[in-house]
Amino acid sequence: MWPVDAVVGENGALYMRHDAATRKLVRRFAIDEETRHANRAQLAAIGDEIIAAVPGCALASDQHYRESDLAIDFREDVAELPRVAVDRIVALMQARGLTAKVSSIHVNGWFGAYDKLAMTRTLLGETFGIDLDHERASFVFVGDSPNDAPMFAFFPQAVGVANVRVFADRIATLPAYVTRAEAGAGFAELTDFLLAP
């Protein structure tokens, strides 16, 4: 059994894991610190432009803790915006050279071509010595939104919680399975299924 002490964050910008031997948090980024620092100022300016251009959106409440991406809230702490507004946010990000992906609550934008799958490969290879391309059938991936598309396409046992259906037209390869319940209840449904005798 592999320990559950690592996470892939910010759409593949980094992984973090706790190193028990050194008792420290290890962070591994897709891009170097100097580039991340330079990008942050540009991301802040783009965020200001988007907020001014799309009424009702806001910076995500956790934006101050992000290292490498811009997250624009369209339904977490603001009234849910219509799809046309979400599409406008995506278009504004892309016009400024960002990779833009829609999650269940934010539009995330970043400079670079990395994604969750690429960093998951890096994490499993570097930390656990796992060749994900050979072991992918051993994993179950569960997600909830279009930014999980690379994972849905890669893992044979990919599961989407029910709210993935809202943006099904934005996902090139849908997950192999979809839960009946949405959000956290969908994750719990999958867990119950996996643990059933």
# chains A, B, ... in the order shown; residues from 1 in each chain; ligands from 1
>>> select_by_dssp(residues="segment 105-162 of chain A", states="strand (DSSP E or B)", output="MDAnalysis selection string")
chainID A and resid 106:110 141:143 158:160
>>> residues_around(residues="segment 130-132 of chain A", least_positions_apart="2", cutoff="12 Å", atoms="only C-alpha atoms", output="count of residues only")
22
>>> closest_atom_pairs(of="segment 71-116 of chain A", to="segment 159-176 of chain A", cutoff="10 Å", atoms="only C-alpha atoms", output="CSV")
residue,atom,partner,partner_atom,distance
A:Arg83,CA,A:Phe167,CA,9.6
A:Lys101,CA,A:Arg170,CA,9.7
A:Val102,CA,A:Arg170,CA,8.8
A:Ser103,CA,A:Phe167,CA,9.2
A:Ser104,CA,A:Val164,CA,7.9
>>> closest_residue(among="A:Leu190, A:Ala181, A:Leu92, A:Ala100", to="Asn147 of chain A", atoms="only C-alpha atoms")
A:Ala100
>>> residues_around(residues="Val90 of chain A", least_positions_apart="2", cutoff="10 Å", atoms="only C-alpha atoms", output="mmCIF file with N, CA, C and O atoms, in the first residue's frame")
data_model
loop_
_atom_site.group_PDB
_atom_site.id
_atom_site.type_symbol
_atom_site.label_atom_id
_atom_site.label_comp_id
_atom_site.auth_asym_id
_atom_site.auth_seq_id
_atom_site.Cartn_x
_atom_site.Cartn_y
_atom_site.Cartn_z
ATOM 1 N N ILE A 50 -9.682 40.866 -15.791
ATOM 2 C CA ILE A 50 -10.847 39.982 -15.912
ATOM 3 C C ILE A 50 -11.953 40.417 -14.966
ATOM 4 O O ILE A 50 -13.135 40.464 -15.351
ATOM 5 N N ILE A 72 -10.091 32.413 -11.020
ATOM 6 C CA ILE A 72 -11.214 33.348 -11.030
ATOM 7 C C ILE A 72 -12.472 32.588 -10.627
ATOM 8 O O ILE A 72 -12.854 31.601 -11.260
ATOM 9 N N VAL A 84 -21.962 31.870 -20.469
ATOM 10 C CA VAL A 84 -21.379 32.871 -21.357
ATOM 11 C C VAL A 84 -20.317 33.686 -20.623
ATOM 12 O O VAL A 84 -19.281 34.048 -21.200
ATOM 13 N N ALA A 85 -20.517 33.946 -19.340
ATOM 14 C CA ALA A 85 -19.526 34.686 -18.551
ATOM 15 C C ALA A 85 -18.296 33.821 -18.293
ATOM 16 O O ALA A 85 -17.160 34.304 -18.352
ATOM 17 N N VAL A 86 -18.515 32.532 -18.023
ATOM 18 C CA VAL A 86 -17.393 31.606 -17.837
ATOM 19 C C VAL A 86 -16.571 31.536 -19.126
ATOM 20 O O VAL A 86 -15.331 31.599 -19.089
ATOM 21 N N ASP A 87 -17.250 31.448 -20.253
ATOM 22 C CA ASP A 87 -16.551 31.420 -21.550
ATOM 23 C C ASP A 87 -15.770 32.709 -21.784
ATOM 24 O O ASP A 87 -14.682 32.688 -22.364
ATOM 25 N N ARG A 88 -16.311 33.824 -21.348
ATOM 26 C CA ARG A 88 -15.619 35.115 -21.493
ATOM 27 C C ARG A 88 -14.330 35.123 -20.666
ATOM 28 O O ARG A 88 -13.291 35.602 -21.129
ATOM 29 N N LEU A 92 -10.605 35.596 -22.221
ATOM 30 C CA LEU A 92 -9.700 36.658 -21.773
ATOM 31 C C LEU A 92 -8.359 36.085 -21.330
ATOM 32 O O LEU A 92 -7.300 36.650 -21.625
ATOM 33 N N MET A 93 -8.394 34.957 -20.626
ATOM 34 C CA MET A 93 -7.137 34.313 -20.216
ATOM 35 C C MET A 93 -6.338 33.866 -21.435
ATOM 36 O O MET A 93 -5.135 34.116 -21.525
ATOM 37 N N GLN A 94 -7.010 33.213 -22.363
ATOM 38 C CA GLN A 94 -6.313 32.715 -23.551
ATOM 39 C C GLN A 94 -5.744 33.854 -24.386
ATOM 40 O O GLN A 94 -4.646 33.729 -24.941
ATOM 41 N N ALA A 95 -6.453 34.971 -24.451
ATOM 42 C CA ALA A 95 -5.970 36.122 -25.210
ATOM 43 C C ALA A 95 -4.677 36.685 -24.622
ATOM 44 O O ALA A 95 -3.887 37.296 -25.337
ATOM 45 N N LEU A 98 -2.484 32.591 -21.575
ATOM 46 C CA LEU A 98 -2.596 31.588 -20.513
ATOM 47 C C LEU A 98 -3.233 30.306 -21.028
ATOM 48 O O LEU A 98 -4.078 30.335 -21.919
ATOM 49 N N THR A 99 -2.835 29.194 -20.452
ATOM 50 C CA THR A 99 -3.618 27.971 -20.555
ATOM 51 C C THR A 99 -4.796 28.195 -19.617
ATOM 52 O O THR A 99 -4.601 28.604 -18.475
ATOM 53 N N ALA A 100 -6.012 27.968 -20.053
ATOM 54 C CA ALA A 100 -7.196 28.227 -19.232
ATOM 55 C C ALA A 100 -8.041 26.966 -19.151
ATOM 56 O O ALA A 100 -8.342 26.351 -20.174
ATOM 57 N N LYS A 101 -8.406 26.584 -17.928
ATOM 58 C CA LYS A 101 -9.223 25.393 -17.702
ATOM 59 C C LYS A 101 -10.324 25.716 -16.702
ATOM 60 O O LYS A 101 -10.097 26.411 -15.712
ATOM 61 N N VAL A 102 -11.480 25.170 -16.957
ATOM 62 C CA VAL A 102 -12.633 25.373 -16.086
ATOM 63 C C VAL A 102 -12.690 24.240 -15.073
ATOM 64 O O VAL A 102 -12.640 23.065 -15.433
ATOM 65 N N VAL A 107 -12.286 29.361 -12.933
ATOM 66 C CA VAL A 107 -11.524 29.240 -14.170
ATOM 67 C C VAL A 107 -10.076 29.467 -13.752
ATOM 68 O O VAL A 107 -9.759 30.474 -13.122
ATOM 69 N N ASN A 108 -9.230 28.498 -14.045
ATOM 70 C CA ASN A 108 -7.817 28.582 -13.689
ATOM 71 C C ASN A 108 -7.007 28.885 -14.941
ATOM 72 O O ASN A 108 -7.248 28.302 -15.994
ATOM 73 N N GLY A 109 -6.045 29.788 -14.797
ATOM 74 C CA GLY A 109 -5.172 30.125 -15.902
ATOM 75 C C GLY A 109 -3.726 30.143 -15.464
ATOM 76 O O GLY A 109 -3.420 30.536 -14.333
#
>>> closest_residue(among="A:Gly184, A:Gly56, A:Gly97, A:Gly12", to="Phe111 of chain A", atoms="only C-alpha atoms")
A:Gly97
>>> closest_residue(among="A:Ala91, A:Ala153, A:Ala30, A:Val142", to="Gly186 of chain A", atoms="only C-alpha atoms")
A:Val142
>>> closest_residue(among="A:Lys116, A:Arg180, A:His106, A:Arg75", to="Phe29 of chain A", atoms="only C-alpha atoms")
A:Lys116
>>> atom_distance(atom1="atom CA of Arg17 of chain A", atom2="atom CA of Asp5 of chain A")
5.6 Å
>>> closest_residue(among="A:Ile105, A:Ile46, A:Val26, A:Ala58", to="Glu76 of chain A", atoms="only C-alpha atoms")
A:Ile105
>>> atom_distance(atom1="atom CA of Tyr15 of chain A", atom2="atom CA of Arg28 of chain A")
5.3 Å
